[in-house]
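Structure file protein-v2.pdb with PDB, C-alpha atoms, pLDDT in the B column:
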```
ATOM      1  CA  MET A1491      16.552  29.136  16.758  1.00 74.00           C
ATOM      2  CA  GLU A1492      15.054  30.578  19.910  1.00 79.00           C
ATOM      3  CA  SER A1493      14.029  27.887  22.352  1.00 80.00           C
ATOM      4  CA  GLN A1494      10.661  29.566  22.867  1.00 84.00           C
ATOM      5  CA  LYS A1495       9.767  29.176  19.187  1.00 81.00           C
ATOM      6  CA  VAL A1496      11.014  25.597  19.172  1.00 82.00           C
ATOM      7  CA  ASP A1497       9.036  24.681  22.273  1.00 84.00           C
ATOM      8  CA  MET A1498       5.900  26.110  20.734  1.00 83.00           C
ATOM      9  CA  PHE A1499       6.492  24.034  17.612  1.00 83.00           C
ATOM     10  CA  ILE A1500       7.084  20.899  19.679  1.00 85.00           C
ATOM     11  CA  MET A1501       3.970  21.481  21.773  1.00 85.00           C
ATOM     12  CA  THR A1502       1.674  21.865  18.786  1.00 85.00           C
ATOM     13  CA  ASN A1503       3.223  19.045  16.760  1.00 86.00           C
ATOM     14  CA  ALA A1504       4.196  16.435  19.361  1.00 84.00           C
ATOM     15  CA  LYS A1505       1.280  14.170  18.410  1.00 85.00           C
ATOM     16  CA  TYR A1506       2.635  13.796  14.870  1.00 88.00           C
ATOM     17  CA  PHE A1507       5.877  12.113  15.971  1.00 87.00           C
ATOM     18  CA  GLU A1508       7.022   9.127  17.999  1.00 86.00           C
ATOM     19  CA  SER A1509       7.773  10.171  21.564  1.00 85.00           C
ATOM     20  CA  TYR A1510      11.389   9.009  21.396  1.00 87.00           C
ATOM     21  CA  GLN A1511      12.049  11.229  18.372  1.00 86.00           C
ATOM     22  CA  ILE A1512      10.842  14.469  19.940  1.00 86.00           C
ATOM     23  CA  ASN A1513      14.016  15.197  21.881  1.00 85.00           C
ATOM     24  CA  ALA A1514      16.175  14.782  18.798  1.00 86.00           C
ATOM     25  CA  ILE A1515      13.875  17.051  16.767  1.00 84.00           C
ATOM     26  CA  ARG A1516      13.969  19.702  19.517  1.00 85.00           C
ATOM     27  CA  GLU A1517      17.750  19.717  19.734  1.00 84.00           C
ATOM     28  CA  ARG A1518      18.096  19.841  15.973  1.00 84.00           C
ATOM     29  CA  LEU A1519      15.597  22.727  15.704  1.00 82.00           C
ATOM     30  CA  ILE A1520      17.551  24.761  18.264  1.00 82.00           C
ATOM     31  CA  ALA A1521      20.769  24.111  16.368  1.00 82.00           C
ATOM     32  CA  ILE A1522      19.616  25.139  12.883  1.00 82.00           C
ATOM     33  CA  ASP A1523      19.434  28.603  11.387  1.00 80.00           C
ATOM     34  CA  ASP A1524      16.444  30.928  11.862  1.00 80.00           C
ATOM     35  CA  SER A1525      15.970  31.347   8.093  1.00 79.00           C
ATOM     36  CA  ARG A1526      14.498  27.850   7.800  1.00 79.00           C
ATOM     37  CA  TRP A1527      11.684  28.590  10.252  1.00 80.00           C
ATOM     38  CA  ALA A1528       9.256  29.606   7.503  1.00 79.00           C
ATOM     39  CA  MET A1529       9.660  26.240   5.773  1.00 80.00           C
ATOM     40  CA  ILE A1530       9.459  24.233   8.982  1.00 81.00           C
ATOM     41  CA  SER A1531       6.431  26.018  10.417  1.00 79.00           C
ATOM     42  CA  THR A1532       4.418  25.416   7.242  1.00 82.00           C
ATOM     43  CA  ILE A1533       5.315  21.741   6.838  1.00 82.00           C
ATOM     44  CA  GLN A1534       2.369  19.453   6.045  1.00 84.00           C
ATOM     45  CA  LEU A1535       2.174  16.659   8.599  1.00 87.00           C
ATOM     46  CA  LYS A1536      -0.317  13.804   8.538  1.00 89.00           C
ATOM     47  CA  ASP A1537      -2.479  13.093  11.549  1.00 89.00           C
ATOM     48  CA  PRO A1538      -2.045   9.508  12.843  1.00 89.00           C
ATOM     49  CA  THR A1539      -5.622   9.488  14.174  1.00 90.00           C
ATOM     50  CA  THR A1540      -7.028  10.337  10.744  1.00 90.00           C
ATOM     51  CA  SER A1541      -5.067   7.540   9.132  1.00 89.00           C
ATOM     52  CA  LEU A1542      -6.333   5.119  11.801  1.00 91.00           C
ATOM     53  CA  ILE A1543      -9.942   6.112  11.056  1.00 91.00           C
ATOM     54  CA  VAL A1544      -9.330   5.693   7.329  1.00 90.00           C
ATOM     55  CA  SER A1545      -7.632   2.350   7.981  1.00 89.00           C
ATOM     56  CA  VAL A1546     -10.585   1.014   9.948  1.00 88.00           C
ATOM     57  CA  LEU A1547     -13.150   2.227   7.409  1.00 87.00           C
ATOM     58  CA  ALA A1548     -11.378   1.781   4.067  1.00 84.00           C
ATOM     59  CA  GLY A1549      -8.177  -0.097   4.845  1.00 83.00           C
ATOM     60  CA  HIS A1550      -9.506  -3.067   2.894  1.00 83.00           C
ATOM     61  CA  PHE A1551      -8.998  -1.069  -0.324  1.00 85.00           C
ATOM     62  CA  GLY A1552      -5.576   0.271   0.697  1.00 84.00           C
ATOM     63  CA  ILE A1553      -6.792   3.870   0.992  1.00 88.00           C
ATOM     64  CA  ASP A1554      -4.888   4.301   4.289  1.00 88.00           C
ATOM     65  CA  ARG A1555      -1.623   3.443   2.532  1.00 88.00           C
ATOM     66  CA  PHE A1556      -2.402   5.809  -0.360  1.00 87.00           C
ATOM     67  CA  ILE A1557      -3.057   8.665   2.077  1.00 88.00           C
ATOM     68  CA  ILE A1558       0.282   8.404   3.873  1.00 88.00           C
ATOM     69  CA  GLY A1559       2.138   8.221   0.541  1.00 84.00           C
ATOM     70  CA  ASP A1560       2.848   4.476   0.244  1.00 84.00           C
ATOM     71  CA  THR A1561       1.301   4.284  -3.222  1.00 84.00           C
ATOM     72  CA  GLY A1562       2.961   0.988  -4.125  1.00 83.00           C
ATOM     73  CA  LEU A1563       1.771  -0.778  -0.978  1.00 85.00           C
ATOM     74  CA  GLY A1564      -1.664   0.772  -1.435  1.00 87.00           C
ATOM     75  CA  ILE A1565      -1.983  -0.786  -4.873  1.00 86.00           C
ATOM     76  CA  ALA A1566      -0.779  -4.129  -3.513  1.00 85.00           C
ATOM     77  CA  LYS A1567      -3.412  -3.951  -0.771  1.00 86.00           C
ATOM     78  CA  LEU A1568      -6.153  -3.016  -3.241  1.00 85.00           C
ATOM     79  CA  LEU A1569      -5.287  -5.811  -5.674  1.00 83.00           C
ATOM     80  CA  THR A1570      -5.147  -8.536  -3.025  1.00 82.00           C
ATOM     81  CA  CYS A1571      -8.427  -7.796  -1.195  1.00 79.00           C
ATOM     82  CA  GLY A1572      -6.462  -6.157   1.631  1.00 80.00           C
ATOM     83  CA  GLY A1573      -3.929  -8.982   1.741  1.00 79.00           C
ATOM     84  CA  LEU A1574      -6.780 -11.508   2.038  1.00 80.00           C
ATOM     85  CA  GLY A1575      -8.085  -9.460   4.956  1.00 79.00           C
ATOM     86  CA  ILE A1576      -5.060 -10.268   7.115  1.00 82.00           C
ATOM     87  CA  TRP A1577      -2.981  -7.243   6.117  1.00 84.00           C
ATOM     88  CA  THR A1578      -6.030  -5.009   6.721  1.00 86.00           C
ATOM     89  CA  ILE A1579      -6.205  -6.126  10.343  1.00 86.00           C
ATOM     90  CA  ILE A1580      -2.419  -5.881  10.838  1.00 87.00           C
ATOM     91  CA  ASP A1581      -2.472  -2.335   9.467  1.00 87.00           C
ATOM     92  CA  TRP A1582      -5.084  -1.238  12.022  1.00 88.00           C
ATOM     93  CA  PHE A1583      -2.295  -1.600  14.565  1.00 90.00           C
ATOM     94  CA  LEU A1584       0.641  -0.483  12.425  1.00 89.00           C
ATOM     95  CA  ILE A1585      -0.754   2.516  10.566  1.00 90.00           C
ATOM     96  CA  MET A1586      -0.360   5.100  13.343  1.00 89.00           C
ATOM     97  CA  GLY A1587       3.310   4.260  13.806  1.00 88.00           C
ATOM     98  CA  VAL A1588       3.924   4.254  10.056  1.00 90.00           C
ATOM     99  CA  THR A1589       2.275   7.682   9.762  1.00 91.00           C
ATOM    100  CA  ARG A1590       4.564   9.060  12.478  1.00 90.00           C
ATOM    101  CA  GLU A1591       7.590   7.594  10.689  1.00 88.00           C
ATOM    102  CA  LYS A1592       6.476   9.284   7.455  1.00 88.00           C
ATOM    103  CA  ASN A1593       6.156  12.611   9.306  1.00 88.00           C
ATOM    104  CA  MET A1594       9.659  12.112  10.684  1.00 88.00           C
ATOM    105  CA  GLN A1595      10.984  11.516   7.161  1.00 86.00           C
ATOM    106  CA  ALA A1596       9.225  14.672   5.954  1.00 86.00           C
ATOM    107  CA  ILE A1597      10.689  16.884   8.669  1.00 86.00           C
ATOM    108  CA  GLN A1598      14.123  15.289   8.395  1.00 85.00           C
ATOM    109  CA  GLN A1599      14.442  16.568   4.846  1.00 82.00           C
ATOM    110  CA  LEU A1600      14.128  20.094   6.202  1.00 81.00           C
ATOM    111  CA  LEU A1601      16.235  19.608   9.315  1.00 79.00           C
ATOM    112  CA  TYR A1602      19.408  18.251   7.712  1.00 76.00           C
TER     113      TYR A1602
ATOM    114  CA  MET B1168      11.563   2.335   1.033  1.00 70.00           C
ATOM    115  CA  VAL B1169      14.841   0.540   1.696  1.00 77.00           C
ATOM    116  CA  ARG B1170      16.035  -1.960  -0.908  1.00 78.00           C
ATOM    117  CA  ASN B1171      16.125  -5.109   1.213  1.00 81.00           C
ATOM    118  CA  LYS B1172      12.846  -4.326   2.958  1.00 83.00           C
ATOM    119  CA  LEU B1173      11.075  -3.952  -0.388  1.00 84.00           C
ATOM    120  CA  TYR B1174      12.610  -7.170  -1.732  1.00 86.00           C
ATOM    121  CA  VAL B1175      11.679  -9.203   1.356  1.00 87.00           C
ATOM    122  CA  LEU B1176       8.140  -7.775   1.223  1.00 85.00           C
ATOM    123  CA  VAL B1177       7.664  -8.509  -2.478  1.00 87.00           C
ATOM    124  CA  SER B1178       9.060 -12.036  -2.265  1.00 88.00           C
ATOM    125  CA  THR B1179       6.928 -12.858   0.797  1.00 87.00           C
ATOM    126  CA  ALA B1180       3.855 -11.512  -0.991  1.00 87.00           C
ATOM    127  CA  CYS B1181       4.669 -13.551  -4.111  1.00 88.00           C
ATOM    128  CA  ALA B1182       5.240 -16.718  -2.054  1.00 89.00           C
ATOM    129  CA  ALA B1183       1.919 -16.175  -0.273  1.00 86.00           C
ATOM    130  CA  GLY B1184       0.281 -15.585  -3.636  1.00 86.00           C
ATOM    131  CA  TYR B1185       1.636 -18.820  -5.075  1.00 88.00           C
ATOM    132  CA  ILE B1186       0.551 -20.824  -1.998  1.00 87.00           C
ATOM    133  CA  TRP B1187      -2.914 -19.264  -2.211  1.00 84.00           C
ATOM    134  CA  LEU B1188      -3.111 -20.081  -5.929  1.00 84.00           C
ATOM    135  CA  PHE B1189      -1.947 -23.670  -5.333  1.00 83.00           C
ATOM    136  CA  LEU B1190      -4.571 -24.233  -2.627  1.00 81.00           C
ATOM    137  CA  ASN B1191      -7.321 -22.797  -4.810  1.00 80.00           C
ATOM    138  CA  TYR B1192      -6.146 -24.691  -7.894  1.00 77.00           C
ATOM    139  CA  GLN B1193      -6.444 -27.989  -6.016  1.00 75.00           C
ATOM    140  CA  ARG B1194      -9.859 -27.001  -4.770  1.00 73.00           C
ATOM    141  CA  SER B1195     -11.041 -25.964  -8.220  1.00 67.00           C
ATOM    142  CA  VAL B1196      -9.909 -29.322  -9.663  1.00 61.00           C
ATOM    143  CA  SER B1197     -11.566 -31.479  -6.997  1.00 59.00           C
ATOM    144  CA  ASP B1198     -14.821 -29.568  -6.591  1.00 55.00           C
ATOM    145  CA  SER B1199     -16.179 -26.181  -7.508  1.00 52.00           C
ATOM    146  CA  ILE B1200     -16.502 -24.468  -4.121  1.00 51.00           C
ATOM    147  CA  GLU B1201     -16.006 -20.735  -4.531  1.00 57.00           C
ATOM    148  CA  PRO B1202     -13.201 -19.199  -2.464  1.00 53.00           C
ATOM    149  CA  GLY B1203     -14.809 -16.783  -0.014  1.00 65.00           C
ATOM    150  CA  VAL B1204     -12.080 -15.198   2.069  1.00 71.00           C
ATOM    151  CA  CYS B1205     -12.868 -11.545   1.327  1.00 75.00           C
ATOM    152  CA  LEU B1206     -13.531  -9.754   4.618  1.00 74.00           C
ATOM    153  CA  PHE B1207     -15.555  -6.977   2.995  1.00 76.00           C
ATOM    154  CA  LYS B1208     -17.798  -9.405   1.136  1.00 77.00           C
ATOM    155  CA  ARG B1209     -18.384 -11.478   4.268  1.00 76.00           C
ATOM    156  CA  LEU B1210     -19.349  -8.380   6.249  1.00 77.00           C
ATOM    157  CA  THR B1211     -21.494  -6.523   3.737  1.00 79.00           C
ATOM    158  CA  GLY B1212     -22.491  -9.047   1.100  1.00 78.00           C
ATOM    159  CA  ILE B1213     -21.197  -6.682  -1.590  1.00 80.00           C
ATOM    160  CA  PRO B1214     -18.120  -7.787  -3.570  1.00 80.00           C
ATOM    161  CA  CYS B1215     -15.019  -5.602  -3.193  1.00 81.00           C
ATOM    162  CA  PRO B1216     -13.094  -4.174  -6.188  1.00 82.00           C
ATOM    163  CA  SER B1217     -10.709  -7.132  -6.293  1.00 82.00           C
ATOM    164  CA  CYS B1218     -13.200  -9.939  -5.657  1.00 81.00           C
ATOM    165  CA  GLY B1219     -12.876 -12.568  -8.370  1.00 79.00           C
ATOM    166  CA  SER B1220      -9.192 -12.069  -9.024  1.00 82.00           C
ATOM    167  CA  THR B1221      -8.305 -15.562  -7.776  1.00 82.00           C
ATOM    168  CA  ARG B1222     -10.808 -17.023 -10.219  1.00 81.00           C
ATOM    169  CA  SER B1223      -9.412 -14.712 -12.897  1.00 84.00           C
ATOM    170  CA  VAL B1224      -5.810 -15.897 -12.371  1.00 84.00           C
ATOM    171  CA  LEU B1225      -6.955 -19.524 -12.327  1.00 82.00           C
ATOM    172  CA  SER B1226      -8.785 -19.049 -15.652  1.00 83.00           C
ATOM    173  CA  LEU B1227      -5.655 -17.434 -17.089  1.00 84.00           C
ATOM    174  CA  LEU B1228      -3.579 -20.438 -16.017  1.00 83.00           C
ATOM    175  CA  LYS B1229      -6.048 -22.676 -17.825  1.00 81.00           C
ATOM    176  CA  GLY B1230      -5.662 -20.482 -20.937  1.00 82.00           C
ATOM    177  CA  ASP B1231      -9.135 -18.943 -20.742  1.00 79.00           C
ATOM    178  CA  PHE B1232      -8.312 -15.280 -21.447  1.00 80.00           C
ATOM    179  CA  ILE B1233     -11.903 -14.073 -21.952  1.00 83.00           C
ATOM    180  CA  GLY B1234     -13.080 -15.846 -18.813  1.00 78.00           C
ATOM    181  CA  ALA B1235     -10.304 -14.144 -16.858  1.00 80.00           C
ATOM    182  CA  LEU B1236     -11.342 -10.708 -18.140  1.00 81.00           C
ATOM    183  CA  ILE B1237     -14.959 -11.386 -17.247  1.00 80.00           C
ATOM    184  CA  SER B1238     -14.064 -12.609 -13.715  1.00 80.00           C
ATOM    185  CA  ASN B1239     -11.927  -9.573 -12.912  1.00 83.00           C
ATOM    186  CA  PRO B1240      -9.401  -7.686 -15.087  1.00 84.00           C
ATOM    187  CA  PHE B1241      -7.195  -7.286 -11.987  1.00 85.00           C
ATOM    188  CA  GLY B1242      -6.167 -10.915 -12.487  1.00 83.00           C
ATOM    189  CA  LEU B1243      -4.040  -9.909 -15.483  1.00 85.00           C
ATOM    190  CA  ILE B1244      -2.069  -7.392 -13.390  1.00 86.00           C
ATOM    191  CA  ILE B1245      -1.710  -9.835 -10.502  1.00 86.00           C
ATOM    192  CA  LEU B1246      -0.470 -12.709 -12.670  1.00 87.00           C
ATOM    193  CA  SER B1247       2.055 -10.493 -14.469  1.00 89.00           C
ATOM    194  CA  ILE B1248       3.395  -9.247 -11.102  1.00 87.00           C
ATOM    195  CA  LEU B1249       3.519 -12.815  -9.769  1.00 87.00           C
ATOM    196  CA  ILE B1250       5.587 -13.938 -12.763  1.00 88.00           C
ATOM    197  CA  LEU B1251       7.769 -10.841 -13.205  1.00 89.00           C
ATOM    198  CA  ALA B1252       8.617  -9.875  -9.606  1.00 88.00           C
ATOM    199  CA  PRO B1253      10.496 -13.046  -8.510  1.00 88.00           C
ATOM    200  CA  LEU B1254      12.538 -13.083 -11.743  1.00 89.00           C
ATOM    201  CA  TRP B1255      13.349  -9.386 -11.348  1.00 89.00           C
ATOM    202  CA  ILE B1256      14.397  -9.838  -7.701  1.00 87.00           C
ATOM    203  CA  LEU B1257      16.587 -12.799  -8.669  1.00 87.00           C
ATOM    204  CA  TYR B1258      18.204 -10.700 -11.404  1.00 88.00           C
ATOM    205  CA  ASP B1259      18.874  -7.867  -8.940  1.00 85.00           C
ATOM    206  CA  ILE B1260      20.307 -10.199  -6.298  1.00 85.00           C
ATOM    207  CA  VAL B1261      22.582 -12.014  -8.734  1.00 87.00           C
ATOM    208  CA  LEU B1262      23.939  -8.831 -10.307  1.00 85.00           C
ATOM    209  CA  GLN B1263      23.787  -6.877  -6.996  1.00 83.00           C
ATOM    210  CA  LYS B1264      21.735  -4.064  -8.480  1.00 82.00           C
ATOM    211  CA  ASP B1265      18.658  -2.163  -7.274  1.00 83.00           C
ATOM    212  CA  SER B1266      16.780  -1.710 -10.541  1.00 85.00           C
ATOM    213  CA  LEU B1267      13.476  -2.953  -9.094  1.00 84.00           C
ATOM    214  CA  LEU B1268      13.693  -0.413  -6.251  1.00 85.00           C
ATOM    215  CA  GLN B1269      14.390   2.411  -8.704  1.00 86.00           C
ATOM    216  CA  VAL B1270      11.472   1.410 -10.931  1.00 87.00           C
ATOM    217  CA  TYR B1271       9.222   1.075  -7.835  1.00 86.00           C
ATOM    218  CA  ASN B1272      10.128   4.563  -6.599  1.00 85.00           C
ATOM    219  CA  ARG B1273       9.706   6.126 -10.031  1.00 87.00           C
ATOM    220  CA  THR B1274       6.340   4.412 -10.541  1.00 87.00           C
ATOM    221  CA  GLU B1275       5.149   5.677  -7.138  1.00 85.00           C
ATOM    222  CA  ILE B1276       5.977   9.270  -8.101  1.00 86.00           C
ATOM    223  CA  PHE B1277       4.421   8.777 -11.549  1.00 87.00           C
ATOM    224  CA  LEU B1278       1.179   7.377 -10.134  1.00 85.00           C
ATOM    225  CA  ARG B1279       0.846  10.203  -7.617  1.00 83.00           C
ATOM    226  CA  ARG B1280       0.306  12.777 -10.382  1.00 85.00           C
ATOM    227  CA  LYS B1281      -3.256  14.020 -10.493  1.00 85.00           C
ATOM    228  CA  TRP B1282      -3.887  13.285 -14.162  1.00 87.00           C
ATOM    229  CA  ILE B1283      -2.626   9.740 -13.842  1.00 85.00           C
ATOM    230  CA  ALA B1284      -4.232   8.965 -10.481  1.00 84.00           C
ATOM    231  CA  LEU B1285      -7.756  10.249 -11.200  1.00 88.00           C
ATOM    232  CA  PRO B1286      -8.471   8.082 -14.293  1.00 87.00           C
ATOM    233  CA  LEU B1287      -7.045   5.044 -12.482  1.00 87.00           C
ATOM    234  CA  ILE B1288      -9.278   5.649  -9.441  1.00 86.00           C
ATOM    235  CA  LEU B1289     -12.234   6.003 -11.807  1.00 89.00           C
ATOM    236  CA  LEU B1290     -11.312   2.703 -13.494  1.00 88.00           C
ATOM    237  CA  VAL B1291     -11.171   0.917 -10.122  1.00 86.00           C
ATOM    238  CA  ILE B1292     -14.577   2.310  -9.166  1.00 87.00           C
ATOM    239  CA  LEU B1293     -16.042   1.300 -12.549  1.00 88.00           C
ATOM    240  CA  ASN B1294     -14.579  -2.190 -12.069  1.00 86.00           C
ATOM    241  CA  TRP B1295     -16.157  -2.283  -8.627  1.00 86.00           C
ATOM    242  CA  ILE B1296     -19.573  -1.344 -10.019  1.00 87.00           C
ATOM    243  CA  TRP B1297     -19.120  -4.022 -12.678  1.00 86.00           C
ATOM    244  CA  ASN B1298     -18.286  -6.531  -9.912  1.00 82.00           C
ATOM    245  CA  MET B1299     -21.511  -5.688  -8.086  1.00 83.00           C
ATOM    246  CA  TYR B1300     -23.461  -5.934 -11.348  1.00 83.00           C
ATOM    247  CA  LYS B1301     -21.970  -9.376 -12.049  1.00 78.00           C
ATOM    248  CA  GLY B1302     -22.687 -10.442  -8.478  1.00 73.00           C
ATOM    249  CA  LEU B1303     -19.312 -12.138  -7.885  1.00 69.00           C
TER     250      LEU B1303
END
```
Can you present the structure in this file as structure tokens?
Amino acid sequence: MESQKVDMFIMTNAKYFESYQINAIRERLIAIDDSRWAMISTIQLKDPTTSLIVSVLAGHFGIDRFIIGDTGLGIAKLLTCGGLGIWTIIDWFLIMGVTREKNMQAIQQLLY
Amino acid sequence: MVRNKLYVLVSTACAAGYIWLFLNYQRSVSDSIEPGVCLFKRLTGIPCPSCGSTRSVLSLLKGDFIGALISNPFGLIILSILILAPLWILYDIVLQKDSLLQVYNRTEIFLRRKWIALPLILLVILNWIWNMYKGL
């Protein structure tokens, strides 16, 4: 793909990924065929900030885990009172990273 | 979810669950102080959807099925997971399979469907309202 297009994509979507992954994504995007651009430009990515807000407000019920697609862990969190409150607090710090990892998994399915 | 990560997570959770149950069982035998660890309840004074599930599991262990249902129906799900999951993991480890992982992934996809998820969410909310009504 043209590097201009790729750079635009990276600039608008950098906040959805871990910083160390961005270079790999950029190189991969340049390498792949132009026909996949439509799929990649319309990909649904989850905002780490949103999941942090949800985690602080409703993490006790596992809603943050449901939102990023970890349904199983969400149910576990709901059933155990947010892991007796401990898991809730741990997830305040983990959830942004987990969201970025989920975004990476989503885009990887299209890249490879 | 990777196989080993899921298995370590589930077994740690089960171990924590059993320790928690053991501590509360001893407490419930010696005196009748209510366990009050729920962060949400401490902060707001309102019980959360899963408040009362420790009491529910303890009543189940004593054979009091009705009492368990009245405390919190979640106790039934929790106790069945606590009993089933370690056995299932042991089975998978011994036979070197990943049947639990496959079932977990399939259940996740199944539960994400709109017509399955919505009634379940409604049930949880109804259970929550019931919890507030009971004043757990």
For CA of Cys1215 (chain B) and CA of Val1177 (chain B), the interatomic separation in Å (one decimal):
22.9 Å
Sphere at (-3.8, -6.1, -1.4), radius 10 Å, counting all atoms listed in the file: residues as a list of chain:residue names:
A:Gly1549, A:His1550, A:Phe1551, A:Gly1552, A:Leu1563, A:Gly1564, A:Ile1565, A:Ala1566, A:Lys1567, A:Leu1568, A:Leu1569, A:Thr1570, A:Cys1571, A:Gly1572, A:Gly1573, A:Leu1574, A:Gly1575, A:Ile1576, A:Trp1577, A:Thr1578, B:Ala1180, B:Ser1217
Cut-off 12 Å: closest chain B/chain A atom pairs per residue, using all atoms listed in the file, as JSON lines:
```
{"residue": "B:Met1168", "atom": "CA", "partner": "A:Asp1560", "partner_atom": "CA", "distance": 9.0}
{"residue": "B:Leu1173", "atom": "CA", "partner": "A:Leu1563", "partner_atom": "CA", "distance": 9.8}
{"residue": "B:Leu1176", "atom": "CA", "partner": "A:Leu1563", "partner_atom": "CA", "distance": 9.7}
{"residue": "B:Val1177", "atom": "CA", "partner": "A:Ala1566", "partner_atom": "CA", "distance": 9.6}
{"residue": "B:Thr1179", "atom": "CA", "partner": "A:Gly1573", "partner_atom": "CA", "distance": 11.6}
{"residue": "B:Ala1180", "atom": "CA", "partner": "A:Gly1573", "partner_atom": "CA", "distance": 8.6}
{"residue": "B:Cys1181", "atom": "CA", "partner": "A:Ala1566", "partner_atom": "CA", "distance": 10.9}
{"residue": "B:Ala1183", "atom": "CA", "partner": "A:Gly1573", "partner_atom": "CA", "distance": 9.5}
{"residue": "B:Gly1184", "atom": "CA", "partner": "A:Thr1570", "partner_atom": "CA", "distance": 8.9}
{"residue": "B:Trp1187", "atom": "CA", "partner": "A:Leu1574", "partner_atom": "CA", "distance": 9.7}
{"residue": "B:Pro1202", "atom": "CA", "partner": "A:Leu1574", "partner_atom": "CA", "distance": 11.0}
{"residue": "B:Gly1203", "atom": "CA", "partner": "A:Leu1574", "partner_atom": "CA", "distance": 9.8}
{"residue": "B:Val1204", "atom": "CA", "partner": "A:Leu1574", "partner_atom": "CA", "distance": 6.5}
{"residue": "B:Cys1205", "atom": "CA", "partner": "A:Leu1574", "partner_atom": "CA", "distance": 6.1}
{"residue": "B:Leu1206", "atom": "CA", "partner": "A:Gly1575", "partner_atom": "CA", "distance": 5.5}
{"residue": "B:Phe1207", "atom": "CA", "partner": "A:His1550", "partner_atom": "CA", "distance": 7.2}
{"residue": "B:Lys1208", "atom": "CA", "partner": "A:Cys1571", "partner_atom": "CA", "distance": 9.8}
{"residue": "B:Arg1209", "atom": "CA", "partner": "A:Gly1575", "partner_atom": "CA", "distance": 10.5}
{"residue": "B:Leu1210", "atom": "CA", "partner": "A:Gly1575", "partner_atom": "CA", "distance": 11.4}
{"residue": "B:Pro1214", "atom": "CA", "partner": "A:Cys1571", "partner_atom": "CA", "distance": 10.0}
{"residue": "B:Cys1215", "atom": "CA", "partner": "A:Cys1571", "partner_atom": "CA", "distance": 7.2}
{"residue": "B:Pro1216", "atom": "CA", "partner": "A:Leu1568", "partner_atom": "CA", "distance": 7.6}
{"residue": "B:Ser1217", "atom": "CA", "partner": "A:Leu1569", "partner_atom": "CA", "distance": 5.6}
{"residue": "B:Cys1218", "atom": "CA", "partner": "A:Cys1571", "partner_atom": "CA", "distance": 6.9}
{"residue": "B:Gly1219", "atom": "CA", "partner": "A:Cys1571", "partner_atom": "CA", "distance": 9.7}
{"residue": "B:Ser1220", "atom": "CA", "partner": "A:Thr1570", "partner_atom": "CA", "distance": 8.1}
{"residue": "B:Thr1221", "atom": "CA", "partner": "A:Thr1570", "partner_atom": "CA", "distance": 9.1}
{"residue": "B:Val1224", "atom": "CA", "partner": "A:Thr1570", "partner_atom": "CA", "distance": 11.9}
{"residue": "B:Asn1239", "atom": "CA", "partner": "A:Leu1569", "partner_atom": "CA", "distance": 10.5}
{"residue": "B:Pro1240", "atom": "CA", "partner": "A:Leu1569", "partner_atom": "CA", "distance": 10.4}
{"residue": "B:Phe1241", "atom": "CA", "partner": "A:Leu1569", "partner_atom": "CA", "distance": 6.8}
{"residue": "B:Gly1242", "atom": "CA", "partner": "A:Leu1569", "partner_atom": "CA", "distance": 8.6}
{"residue": "B:Leu1243", "atom": "CA", "partner": "A:Leu1569", "partner_atom": "CA", "distance": 10.7}
{"residue": "B:Ile1244", "atom": "CA", "partner": "A:Leu1569", "partner_atom": "CA", "distance": 8.5}
{"residue": "B:Ile1245", "atom": "CA", "partner": "A:Leu1569", "partner_atom": "CA", "distance": 7.2}
{"residue": "B:Leu1246", "atom": "CA", "partner": "A:Leu1569", "partner_atom": "CA", "distance": 10.9}
{"residue": "B:Ile1248", "atom": "CA", "partner": "A:Ala1566", "partner_atom": "CA", "distance": 10.1}
{"residue": "B:Leu1249", "atom": "CA", "partner": "A:Ala1566", "partner_atom": "CA", "distance": 11.5}
{"residue": "B:Leu1268", "atom": "CA", "partner": "A:Gly1562", "partner_atom": "CA", "distance": 11.0}
{"residue": "B:Val1270", "atom": "CA", "partner": "A:Gly1562", "partner_atom": "CA", "distance": 10.9}
{"residue": "B:Tyr1271", "atom": "CA", "partner": "A:Gly1562", "partner_atom": "CA", "distance": 7.3}
{"residue": "B:Asn1272", "atom": "CA", "partner": "A:Gly1562", "partner_atom": "CA", "distance": 8.4}
{"residue": "B:Arg1273", "atom": "CA", "partner": "A:Gly1562", "partner_atom": "CA", "distance": 10.3}
{"residue": "B:Thr1274", "atom": "CA", "partner": "A:Gly1562", "partner_atom": "CA", "distance": 8.0}
{"residue": "B:Glu1275", "atom": "CA", "partner": "A:Thr1561", "partner_atom": "CA", "distance": 5.7}
{"residue": "B:Ile1276", "atom": "CA", "partner": "A:Thr1561", "partner_atom": "CA", "distance": 8.4}
{"residue": "B:Phe1277", "atom": "CA", "partner": "A:Thr1561", "partner_atom": "CA", "distance": 10.0}
{"residue": "B:Leu1278", "atom": "CA", "partner": "A:Thr1561", "partner_atom": "CA", "distance": 7.6}
{"residue": "B:Arg1279", "atom": "CA", "partner": "A:Thr1561", "partner_atom": "CA", "distance": 7.4}
{"residue": "B:Arg1280", "atom": "CA", "partner": "A:Thr1561", "partner_atom": "CA", "distance": 11.2}
{"residue": "B:Ala1284", "atom": "CA", "partner": "A:Thr1561", "partner_atom": "CA", "distance": 10.3}
{"residue": "B:Leu1287", "atom": "CA", "partner": "A:Ile1565", "partner_atom": "CA", "distance": 10.8}
{"residue": "B:Ile1288", "atom": "CA", "partner": "A:Ile1565", "partner_atom": "CA", "distance": 10.7}
{"residue": "B:Val1291", "atom": "CA", "partner": "A:Leu1568", "partner_atom": "CA", "distance": 9.4}
{"residue": "B:Ile1292", "atom": "CA", "partner": "A:Phe1551", "partner_atom": "CA", "distance": 11.0}
{"residue": "B:Asn1294", "atom": "CA", "partner": "A:Leu1569", "partner_atom": "CA", "distance": 11.8}
{"residue": "B:Trp1295", "atom": "CA", "partner": "A:Phe1551", "partner_atom": "CA", "distance": 11.0}
```
Using all atoms listed in the file, which residue out of A:Ile1520, A:Val1496, A:Met1529, A:Ala1504 lies closest to Arg1590 (chain A)?
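Using all atoms listed in the file, Arg1590 (chain A) sits closest to A:Ala1504.
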